[in-house]
$ cat final21.cif   # mmCIF, C-alpha atoms and all ligand atoms
data_my_file
loop_
_atom_site.label_atom_id
_atom_site.label_comp_id
_atom_site.auth_asym_id
_atom_site.auth_seq_id
_atom_site.Cartn_x
_atom_site.Cartn_y
_atom_site.Cartn_z
CA MET A 1 3.28 17.59 16.28
CA ARG A 2 3.47 18.97 12.75
CA VAL A 3 3.59 16.08 10.30
CA VAL A 4 4.35 16.06 6.56
CA VAL A 5 2.74 13.13 4.72
CA THR A 6 3.99 12.62 1.17
CA GLY A 7 1.41 10.75 -0.88
CA GLY A 8 -1.11 11.94 1.70
CA ALA A 9 -4.03 11.80 -0.75
CA GLY A 10 -3.40 8.14 -1.57
CA PHE A 11 -5.05 5.10 -0.04
CA LEU A 12 -2.71 4.68 2.96
CA GLY A 13 -1.69 8.34 3.12
CA SER A 14 -5.28 9.54 3.49
CA HIS A 15 -5.95 7.13 6.35
CA LEU A 16 -2.75 8.33 8.05
CA CYS A 17 -3.75 11.98 7.63
CA GLU A 18 -7.18 11.23 9.09
CA ARG A 19 -5.76 9.49 12.18
CA LEU A 20 -3.18 12.24 12.71
CA ILE A 21 -5.84 14.96 12.57
CA GLU A 22 -8.05 12.95 14.94
CA ARG A 23 -5.27 12.76 17.49
CA GLY A 24 -4.67 16.53 17.27
CA ASP A 25 -1.58 16.75 15.08
CA GLN A 26 -1.11 19.28 12.30
CA VAL A 27 -0.81 17.71 8.86
CA VAL A 28 0.77 18.97 5.66
CA CYS A 29 -0.51 16.56 3.03
CA LEU A 30 1.53 16.51 -0.19
CA ASP A 31 0.41 14.72 -3.34
CA ASN A 32 0.72 15.02 -7.11
CA PHE A 33 -2.54 13.03 -7.59
CA LEU A 34 -0.88 10.59 -9.97
CA THR A 35 -2.57 7.66 -8.22
CA GLY A 36 -4.12 9.50 -5.25
CA THR A 37 -7.03 11.93 -5.41
CA PRO A 38 -8.14 15.01 -3.48
CA ALA A 39 -11.45 13.19 -2.91
CA ASN A 40 -9.63 10.92 -0.42
CA VAL A 41 -8.99 13.85 1.92
CA GLU A 42 -11.98 16.00 1.05
CA HIS A 43 -13.50 15.25 4.47
CA LEU A 44 -10.38 16.66 6.14
CA GLN A 45 -10.40 19.95 4.25
CA GLY A 46 -11.38 22.71 6.64
CA ARG A 47 -10.43 20.66 9.70
CA ASP A 48 -8.08 22.49 12.06
CA GLY A 49 -4.46 21.85 11.23
CA PHE A 50 -5.00 20.15 7.84
CA ARG A 51 -3.43 21.47 4.66
CA LEU A 52 -3.40 19.83 1.24
CA VAL A 53 -0.71 20.92 -1.22
CA ARG A 54 -0.45 19.66 -4.78
CA THR A 55 3.22 19.01 -5.42
CA ASP A 56 5.46 16.40 -6.97
CA VAL A 57 8.10 15.41 -4.43
CA THR A 58 10.40 14.25 -7.22
CA ASP A 59 10.63 17.86 -8.45
CA TYR A 60 10.94 19.82 -5.29
CA LEU A 61 10.06 19.56 -1.62
CA HIS A 62 9.88 22.62 0.54
CA VAL A 63 7.75 23.15 3.63
CA VAL A 64 7.71 26.44 5.51
CA GLY A 65 7.86 26.26 9.32
CA PRO A 66 8.73 23.52 11.79
CA VAL A 67 8.23 19.83 11.01
CA ASP A 68 8.46 17.06 13.64
CA LEU A 69 7.76 14.03 11.47
CA VAL A 70 7.98 13.15 7.77
CA LEU A 71 5.98 10.13 6.62
CA HIS A 72 7.17 9.29 3.11
CA PHE A 73 4.27 7.44 1.49
CA ALA A 74 4.35 8.85 -2.04
CA SER A 75 4.56 6.07 -4.65
CA PRO A 76 2.35 4.11 -6.99
CA ALA A 77 1.88 0.81 -5.14
CA SER A 78 -0.36 -1.43 -7.21
CA PRO A 79 1.35 -3.57 -9.88
CA VAL A 80 -1.04 -2.25 -12.55
CA ASP A 81 -0.17 1.33 -11.54
CA TYR A 82 3.58 0.96 -11.35
CA LEU A 83 3.72 -0.89 -14.63
CA ARG A 84 1.81 2.00 -16.19
CA VAL A 85 4.20 4.61 -14.74
CA PRO A 86 7.49 2.76 -14.21
CA ILE A 87 9.78 5.77 -14.48
CA GLU A 88 7.71 7.89 -12.09
CA THR A 89 7.79 4.93 -9.68
CA LEU A 90 11.60 4.75 -9.83
CA LYS A 91 11.86 8.53 -9.49
CA VAL A 92 9.66 8.84 -6.44
CA GLY A 93 11.45 5.96 -4.70
CA SER A 94 14.86 7.48 -5.42
CA ILE A 95 14.73 11.26 -5.98
CA GLY A 96 11.49 11.64 -3.99
CA THR A 97 13.02 9.79 -1.05
CA LEU A 98 16.16 11.93 -1.33
CA HIS A 99 14.04 15.07 -1.09
CA ALA A 100 11.93 13.74 1.78
CA LEU A 101 15.07 12.78 3.72
CA GLY A 102 16.54 16.20 2.98
CA LEU A 103 13.43 17.81 4.45
CA ALA A 104 13.69 15.68 7.61
CA LYS A 105 17.40 16.54 7.93
CA ASP A 106 16.73 20.25 7.46
CA LYS A 107 13.91 20.30 10.04
CA GLY A 108 15.44 17.87 12.54
CA ALA A 109 12.35 15.67 12.07
CA ARG A 110 11.88 11.92 12.41
CA PHE A 111 11.51 10.24 9.03
CA VAL A 112 9.51 7.09 8.34
CA LEU A 113 9.81 5.33 4.99
CA ALA A 114 6.91 3.30 3.63
CA SER A 115 8.78 0.29 2.33
CA THR A 116 7.15 -2.93 1.23
CA SER A 117 7.03 -6.70 1.43
CA GLU A 118 8.03 -6.49 -2.25
CA VAL A 119 11.63 -6.06 -1.07
CA TYR A 120 11.41 -9.83 -0.36
CA GLY A 121 10.44 -10.47 -4.00
CA ASP A 122 9.30 -14.06 -4.64
CA PRO A 123 10.47 -15.27 -1.23
CA GLU A 124 12.33 -18.49 -0.53
CA VAL A 125 11.85 -18.10 3.21
CA HIS A 126 8.40 -18.32 4.77
CA PRO A 127 7.14 -16.37 6.68
CA GLN A 128 9.48 -13.49 5.92
CA PRO A 129 11.47 -11.99 8.82
CA GLU A 130 13.18 -8.61 8.43
CA SER A 131 16.55 -10.37 8.34
CA TYR A 132 15.68 -12.05 5.00
CA TRP A 133 17.40 -10.28 2.08
CA GLY A 134 14.83 -11.24 -0.49
CA HIS A 135 14.66 -12.79 -3.94
CA VAL A 136 14.03 -9.97 -6.38
CA ASN A 137 14.39 -9.86 -10.16
CA PRO A 138 15.81 -6.38 -10.88
CA VAL A 139 15.09 -6.60 -14.61
CA GLY A 140 11.58 -8.09 -14.36
CA PRO A 141 8.49 -5.88 -14.63
CA ARG A 142 8.13 -5.57 -10.85
CA GLY A 143 11.76 -4.46 -10.54
CA VAL A 144 10.75 -0.82 -10.98
CA TYR A 145 8.87 -0.89 -7.68
CA ASP A 146 10.94 -3.44 -5.77
CA GLU A 147 14.28 -1.84 -6.57
CA ALA A 148 12.99 1.69 -5.99
CA LYS A 149 11.97 0.65 -2.49
CA ARG A 150 15.21 -1.24 -1.87
CA PHE A 151 17.15 1.84 -2.97
CA ALA A 152 14.94 3.98 -0.71
CA GLU A 153 15.79 1.74 2.25
CA ALA A 154 19.52 2.03 1.52
CA LEU A 155 19.27 5.81 1.16
CA THR A 156 17.35 6.07 4.42
CA LEU A 157 20.10 4.20 6.26
CA ALA A 158 22.76 6.36 4.58
CA TYR A 159 21.06 9.52 5.90
CA ARG A 160 20.79 7.96 9.34
CA HIS A 161 24.48 7.05 9.46
CA THR A 162 25.92 10.03 7.58
CA HIS A 163 23.66 12.87 8.70
CA GLY A 164 22.25 11.50 11.95
CA VAL A 165 18.63 11.73 10.76
CA ASP A 166 16.22 9.86 13.07
CA THR A 167 14.87 7.34 10.57
CA GLY A 168 12.52 4.38 10.61
CA ILE A 169 11.54 1.89 7.90
CA VAL A 170 8.28 -0.03 7.81
CA ARG A 171 7.81 -2.91 5.38
CA ILE A 172 4.13 -2.90 4.54
CA PHE A 173 2.37 -6.12 3.52
CA ASN A 174 -0.86 -6.32 1.51
CA THR A 175 -3.37 -3.90 2.97
CA PHE A 176 -7.00 -3.30 2.09
CA GLY A 177 -9.87 -1.05 3.05
CA PRO A 178 -12.02 1.87 2.00
CA ARG A 179 -10.51 4.29 -0.55
CA MET A 180 -8.70 1.68 -2.59
CA ARG A 181 -9.39 2.67 -6.17
CA PRO A 182 -11.81 0.20 -7.73
CA ASP A 183 -9.59 0.34 -10.84
CA ASP A 184 -6.21 0.01 -9.13
CA GLY A 185 -5.97 -3.57 -10.34
CA ARG A 186 -5.18 -5.26 -7.05
CA ALA A 187 -6.89 -8.47 -6.08
CA ILE A 188 -9.20 -7.20 -3.34
CA PRO A 189 -10.64 -4.13 -5.12
CA ASN A 190 -10.95 -6.15 -8.34
CA PHE A 191 -12.74 -9.04 -6.65
CA ILE A 192 -15.12 -6.77 -4.74
CA ARG A 193 -15.92 -4.59 -7.74
CA GLN A 194 -16.45 -7.61 -9.98
CA ALA A 195 -18.58 -9.44 -7.41
CA LEU A 196 -20.79 -6.38 -6.81
CA ALA A 197 -21.22 -5.86 -10.56
CA GLY A 198 -22.03 -9.55 -11.11
CA GLU A 199 -19.05 -9.80 -13.46
CA PRO A 200 -16.69 -12.77 -13.58
CA VAL A 201 -14.12 -12.62 -10.79
CA THR A 202 -10.62 -12.79 -12.26
CA VAL A 203 -8.27 -15.16 -10.45
CA ALA A 204 -4.70 -15.21 -11.75
CA GLY A 205 -3.34 -18.66 -12.58
CA ASP A 206 -4.71 -21.48 -10.44
CA GLY A 207 -5.16 -19.05 -7.52
CA LYS A 208 -3.00 -21.11 -5.16
CA GLN A 209 -0.60 -18.20 -4.65
CA THR A 210 -1.03 -16.59 -1.26
CA ARG A 211 -1.02 -13.14 0.28
CA SER A 212 -1.48 -12.09 3.90
CA ILE A 213 -3.98 -9.30 4.16
CA CYS A 214 -4.28 -6.53 6.72
CA TYR A 215 -7.17 -4.12 7.31
CA VAL A 216 -6.06 -0.52 6.87
CA ASP A 217 -6.94 0.64 10.42
CA ASP A 218 -4.51 -1.90 11.89
CA LEU A 219 -1.82 -0.85 9.48
CA VAL A 220 -2.18 2.82 10.39
CA THR A 221 -1.90 1.96 14.09
CA GLY A 222 1.33 0.06 13.40
CA ILE A 223 2.83 2.85 11.31
CA LEU A 224 2.06 5.51 13.90
CA ALA A 225 3.50 3.27 16.63
CA MET A 226 6.68 3.16 14.55
CA ALA A 227 6.57 6.93 14.00
CA ASP A 228 6.30 7.46 17.78
CA ALA A 229 9.07 4.96 18.56
CA ASP A 230 12.78 5.58 18.02
CA HIS A 231 13.47 2.26 16.32
CA SER A 232 15.23 2.30 12.94
CA GLY A 233 13.58 -0.85 11.60
CA PRO A 234 13.02 -2.24 9.14
CA ILE A 235 9.89 -3.59 10.80
CA ASN A 236 7.26 -5.72 9.06
CA ILE A 237 3.74 -4.34 9.45
CA GLY A 238 1.07 -6.69 8.20
CA ASN A 239 -1.48 -9.26 9.25
CA PRO A 240 -0.12 -12.85 9.17
CA HIS A 241 -3.59 -14.05 8.06
CA GLU A 242 -2.51 -15.84 4.88
CA ILE A 243 -4.95 -16.86 2.17
CA ALA A 244 -4.81 -18.31 -1.34
CA MET A 245 -6.22 -15.99 -4.01
CA LEU A 246 -8.81 -18.54 -5.17
CA ASP A 247 -10.10 -18.85 -1.59
CA LEU A 248 -10.15 -15.06 -1.26
CA ALA A 249 -12.19 -14.76 -4.47
CA ARG A 250 -14.70 -17.34 -3.18
CA TRP A 251 -14.88 -15.60 0.20
CA ILE A 252 -15.60 -12.22 -1.37
CA ILE A 253 -18.26 -13.72 -3.67
CA ASP A 254 -19.84 -15.24 -0.59
CA LEU A 255 -19.67 -12.06 1.54
CA THR A 256 -21.17 -9.93 -1.22
CA GLY A 257 -23.92 -12.48 -1.91
CA SER A 258 -22.90 -12.35 -5.56
CA ALA A 259 -23.75 -14.80 -8.31
CA SER A 260 -20.43 -14.09 -10.06
CA GLU A 261 -18.40 -16.94 -11.43
CA ILE A 262 -14.66 -17.28 -11.23
CA VAL A 263 -12.55 -17.01 -14.39
CA HIS A 264 -8.85 -17.73 -14.52
CA ILE A 265 -6.57 -15.20 -16.16
CA GLU A 266 -2.88 -15.32 -16.89
CA ARG A 267 -0.58 -14.99 -13.92
CA PRO A 268 1.58 -11.83 -14.02
CA VAL A 269 5.32 -12.27 -14.60
CA ASP A 270 7.30 -12.74 -11.35
CA ASP A 271 4.08 -12.81 -9.30
CA PRO A 272 5.20 -13.94 -5.81
CA THR A 273 3.92 -17.40 -4.89
CA ILE A 274 3.75 -16.96 -1.14
CA ARG A 275 3.90 -14.03 1.22
CA GLN A 276 3.44 -13.75 4.96
CA PRO A 277 4.96 -11.34 7.47
CA ASP A 278 6.87 -12.55 10.47
CA THR A 279 5.61 -9.92 12.94
CA THR A 280 7.71 -10.97 15.95
CA LEU A 281 9.69 -7.72 15.85
CA ALA A 282 6.60 -5.47 15.64
CA GLN A 283 5.11 -7.30 18.61
CA ALA A 284 8.31 -6.96 20.65
CA VAL A 285 9.28 -3.38 19.77
CA LEU A 286 5.91 -1.70 19.12
CA ALA A 287 3.59 -3.99 21.10
CA TRP A 288 1.62 -4.05 17.86
CA GLU A 289 -0.63 -6.80 16.53
CA PRO A 290 -3.56 -6.57 14.13
CA GLN A 291 -6.91 -6.34 15.93
CA VAL A 292 -9.46 -6.38 13.10
CA ALA A 293 -10.58 -9.82 11.90
CA VAL A 294 -10.07 -10.11 8.15
CA GLU A 295 -13.75 -10.91 7.62
CA ASP A 296 -14.82 -7.73 9.43
CA GLY A 297 -12.34 -5.73 7.36
CA LEU A 298 -13.66 -7.26 4.14
CA LEU A 299 -17.26 -6.48 5.15
CA ARG A 300 -16.36 -2.85 5.90
CA THR A 301 -14.55 -2.57 2.58
CA ILE A 302 -17.45 -4.13 0.67
CA GLU A 303 -19.80 -1.65 2.38
CA TRP A 304 -17.62 1.24 1.22
CA PHE A 305 -17.48 -0.08 -2.35
CA ARG A 306 -21.27 -0.37 -2.32
CA SER A 307 -21.58 3.27 -1.25
CA GLN A 308 -19.20 4.30 -4.04
CA GLU A 309 -21.15 2.28 -6.56
CA GLN A 310 -24.27 4.13 -5.52
CA ALA A 311 -22.35 7.39 -5.97
CA GLN A 312 -21.70 6.26 -9.55
CA ALA A 313 -17.98 6.65 -8.98
CA PHE A 314 -16.99 3.61 -10.97
CA ALA A 315 -15.11 4.14 -14.20
CA VAL A 316 -13.09 1.03 -14.56
CA PRO A 317 -10.47 0.17 -17.13
CA PRO A 318 -9.85 -3.57 -17.37
CA LEU A 319 -7.02 -5.35 -15.53
CA ASP A 320 -5.30 -6.24 -18.79
CA PRO A 321 -6.39 -6.78 -22.37
CA GLN A 322 -6.05 -10.55 -22.17
CA ALA A 323 -8.23 -10.67 -19.10
CA THR A 324 -10.88 -8.67 -20.87
CA GLU A 325 -10.89 -10.84 -23.96
CA HIS A 326 -11.58 -13.79 -21.70
CA ILE A 327 -14.41 -12.03 -19.98
CA LEU A 328 -15.92 -10.64 -23.17
CA ARG A 329 -15.98 -14.14 -24.65
CA GLY A 330 -17.81 -15.23 -21.50
CA GLU A 331 -15.22 -17.88 -20.74
N1 LIG A 401 -4.70 -11.21 -8.65
C1 LIG A 401 -5.75 -11.98 -9.10
N2 LIG A 401 -6.77 -11.36 -9.75
C2 LIG A 401 -6.80 -10.00 -9.95
C3 LIG A 401 -5.74 -9.23 -9.46
C4 LIG A 401 -4.71 -9.87 -8.81
O1 LIG A 401 -5.79 -13.19 -8.93
O2 LIG A 401 -7.78 -9.53 -10.53
C5 LIG A 401 -3.62 -11.91 -7.95
C6 LIG A 401 -2.21 -11.50 -8.35
O3 LIG A 401 -1.77 -12.22 -9.48
C7 LIG A 401 -1.44 -11.85 -7.10
C8 LIG A 401 -2.44 -11.59 -5.98
O4 LIG A 401 -3.72 -11.58 -6.58
O5 LIG A 401 -1.10 -13.21 -7.09
C9 LIG A 401 -2.24 -10.27 -5.26
O6 LIG A 401 -2.11 -9.26 -6.22
P1 LIG A 401 -2.20 -7.73 -5.88
O7 LIG A 401 -2.06 -6.99 -7.15
O8 LIG A 401 -3.40 -7.47 -5.05
O9 LIG A 401 -0.98 -7.46 -4.90
P2 LIG A 401 0.59 -7.83 -4.94
O10 LIG A 401 0.87 -8.75 -6.10
O11 LIG A 401 1.29 -6.54 -5.06
O12 LIG A 401 0.78 -8.51 -3.64
#

$ encode --input "final21.cif" --output "structure tokens" --more "lines below"
Ligand code: UDP
Amino acid sequence: MRVVVTGGAGFLGSHLCERLIERGDQVVCLDNFLTGTPANVEHLQGRDGFRLVRTDVTDYLHVVGPVDLVLHFASPASPVDYLRVPIETLKVGSIGTLHALGLAKDKGARFVLASTSEVYGDPEVHPQPESYWGHVNPVGPRGVYDEAKRFAEALTLAYRHTHGVDTGIVRIFNTFGPRMRPDDGRAIPNFIRQALAGEPVTVAGDGKQTRSICYVDDLVTGILAMADADHSGPINIGNPHEIAMLDLARWIIDLTGSASEIVHIERPVDDPTIRQPDTTLAQAVLAWEPQVAVEDGLLRTIEWFRSQEQAQAFAVPPLDPQATEHILRGE
């Protein structure tokens, strides 16, 4: 198969590219390096069938030759990132998705959209099945990401029904693993980086809010199962292992053997209180379930962060100015 991966140099995209190359597919990896980096796919450069092209899919998307599958993964995905580049986030979810769907239509390729648990917003149903419509604030800060992805889902279905494109939608829940940027602002990279540096670990609010966290290898298996299936989705892909952020912070401090203390910072606006995938559909349709225990995943991720630290690759802007003030005052 010849596969186009938009956002292929990002965290998830790079793991997808790697797995596709390992299984013998050809990969055209597209990225504008806004939040991704060529370093994520450096190890694939020179491998048979791998090509990296710097391009912004919101401007233009053209690929010469046949394409069997388009995996549309281009988008900032961490709250800190999409709040920094809100318009780019809306553009890649809307215009970028339009272009990626156009490419799939033109080539007769299957198209898989990376959607998100954020389409459920701050959910009033728990766990969240695909049939739940969500509870999203369109004019809150997270609206730029949530609504871009909701629009992308609607556009994907419109191309399916109007143009007969073979489409699939995966709703991705919180995922972690090697190649998350230490400065991307999300809980797991923040906690690991802080714990390894012996800095205070920043828990938002009282830390009772939950997320359900999936190791990246499991996620990639689920996405490729969806790519190989002919189901339209949406299908939740995530690990139902749910944990409160305070417990996660303590766990990471423990696993790293760190002496870091926990500090509480302000909770972001519209931060979802609970989140857990109902994975019944993925089990039934894709025979997919996560295999990696969360603790093993965390240990592998910590190991990777340690190796990066040794490579002196850490240049870390703070999560937010308020958080830093706290930390600088030693509170
Ligand atoms: N969070 C935290 N400390 C941090 C970063 C995030 O306690 O340093 C919290 C955040 O407020 C949220 C949870 O961790 O409740 C997950 O946030 P993340 O940014 O990882 O993902 P998302 O909100 O997109 O699920």

$ closest_residue --input "final21.cif" --among "A:Val269, A:Leu155, A:Ile169, A:Val201" --to "Arg142 of chain A" --atoms "all atoms listed in the file"
A:Val269

$ closest_residue --input "final21.cif" --among "A:Arg23, A:His99, A:His72, A:Arg150" --to "Thr58 of chain A" --atoms "only C-alpha atoms"
A:His99

$ residues_around --input "final21.cif" --residues "Val92 of chain A" --least-positions-apart "5" --cutoff "12 Å" --atoms "all atoms listed in the file" --output "JSON, numbers by chain"
{"A": [6, 7, 31, 32, 34, 56, 57, 58, 59, 60, 61, 72, 73, 74, 75, 76, 77, 82, 85, 86, 87, 97, 98, 99, 100, 113, 114, 144, 145, 147, 148, 149, 151, 152]}

$ atom_distance --input "final21.cif" --atom1 "atom C3 of ligand LIG 401 (chain A)" --atom2 "atom CA of Ala195 of chain A"
13.0 Å

$ residues_around --input "final21.cif" --residues "Asp106 of chain A" --least-positions-apart "4" --cutoff "12 Å" --atoms "all atoms listed in the file" --output "PyMOL selection string"
chain A and resi 61-70+99-102+110-111+159+163-166

$ write_last_selection --input "final21.cif" --atoms "C-alpha atoms" --output "compact mmCIF listing (two decimals), in the coordinates of the input"
# COMPACT_ATOMS: atom_id res chain seq x y z
CA LEU A 61 10.06 19.56 -1.62
CA HIS A 62 9.88 22.62 0.54
CA VAL A 63 7.75 23.15 3.63
CA VAL A 64 7.71 26.44 5.51
CA GLY A 65 7.86 26.26 9.32
CA PRO A 66 8.73 23.52 11.79
CA VAL A 67 8.23 19.83 11.01
CA ASP A 68 8.46 17.06 13.64
CA LEU A 69 7.76 14.03 11.47
CA VAL A 70 7.98 13.15 7.77
CA HIS A 99 14.04 15.07 -1.09
CA ALA A 100 11.93 13.74 1.78
CA LEU A 101 15.07 12.78 3.72
CA GLY A 102 16.54 16.20 2.98
CA ARG A 110 11.88 11.92 12.41
CA PHE A 111 11.51 10.24 9.03
CA TYR A 159 21.06 9.52 5.90
CA HIS A 163 23.66 12.87 8.70
CA GLY A 164 22.25 11.50 11.95
CA VAL A 165 18.63 11.73 10.76
CA ASP A 166 16.22 9.86 13.07

$ residues_near_ligand --input "final21.cif" --ligand "ligand LIG 401 (chain A)" --cutoff "6 Å" --atoms "all atoms listed in the file" --output "list in words"
Ser78, Pro79, Asn174, Gly185, Arg186, Ala187, Asn190, Thr202, Val203, Ala204, Gln209, Met245, Arg267, Pro268 and Asp271 of chain A

$ residues_around --input "final21.cif" --residues "Gly198 of chain A" --least-positions-apart "4" --cutoff "7 Å" --atoms "all atoms listed in the file" --output "number ranges by chain"
A: 194, 258-260

$ closest_residue --input "final21.cif" --among "A:Ile274, A:Ala282, A:Ile172, A:Leu196" --to "Arg211 of chain A" --atoms "all atoms listed in the file"
A:Ile274

$ closest_residue --input "final21.cif" --among "A:Met226, A:Ala244, A:Ile21, A:Ile252" --to "Gln283 of chain A" --atoms "all atoms listed in the file"
A:Met226

$ residues_around --input "final21.cif" --residues "segment 232-240 of chain A" --least-positions-apart "6" --cutoff "8 Å" --atoms "only C-alpha atoms" --output "number ranges by chain"
A: 117, 129-130, 166-175, 212-215, 219, 222-223, 276-279, 281-282, 289-290

$ residues_around --input "final21.cif" --residues "Arg51 of chain A" --least-positions-apart "5" --cutoff "10 Å" --atoms "only C-alpha atoms" --output "JSON list (two decimals) with C-alpha atoms, in the frame of the given file"
[["chain", "number", "residue", "atom", "x", "y", "z"],
["A", 4, "VAL", "CA", 4.35, 16.06, 6.56],
["A", 17, "CYS", "CA", -3.75, 11.98, 7.63],
["A", 26, "GLN", "CA", -1.11, 19.28, 12.30],
["A", 27, "VAL", "CA", -0.81, 17.71, 8.86],
["A", 28, "VAL", "CA", 0.77, 18.97, 5.66],
["A", 29, "CYS", "CA", -0.51, 16.56, 3.03],
["A", 30, "LEU", "CA", 1.53, 16.51, -0.19],
["A", 41, "VAL", "CA", -8.99, 13.85, 1.92],
["A", 44, "LEU", "CA", -10.38, 16.66, 6.14],
["A", 45, "GLN", "CA", -10.40, 19.95, 4.25],
["A", 46, "GLY", "CA", -11.38, 22.71, 6.64]]

$ atom_distance --input "final21.cif" --atom1 "atom CA of Glu303 of chain A" --atom2 "atom CA of Leu224 of chain A"
25.7 Å

$ closest_residue --input "final21.cif" --among "A:Phe50, A:Phe191, A:Ala197, A:Arg160" --to "Gly108 of chain A" --atoms "all atoms listed in the file"
A:Arg160

$ axis_aligned_box --input "final21.cif" --around "segment 169-186 of chain A" --padding-each-side "8 Å" --output "AutoDock Vina command-line options"
--center_x -0.2 --center_y -1.0 --center_z -1.5 --size_x 39.6 --size_y 26.6 --size_z 34.7
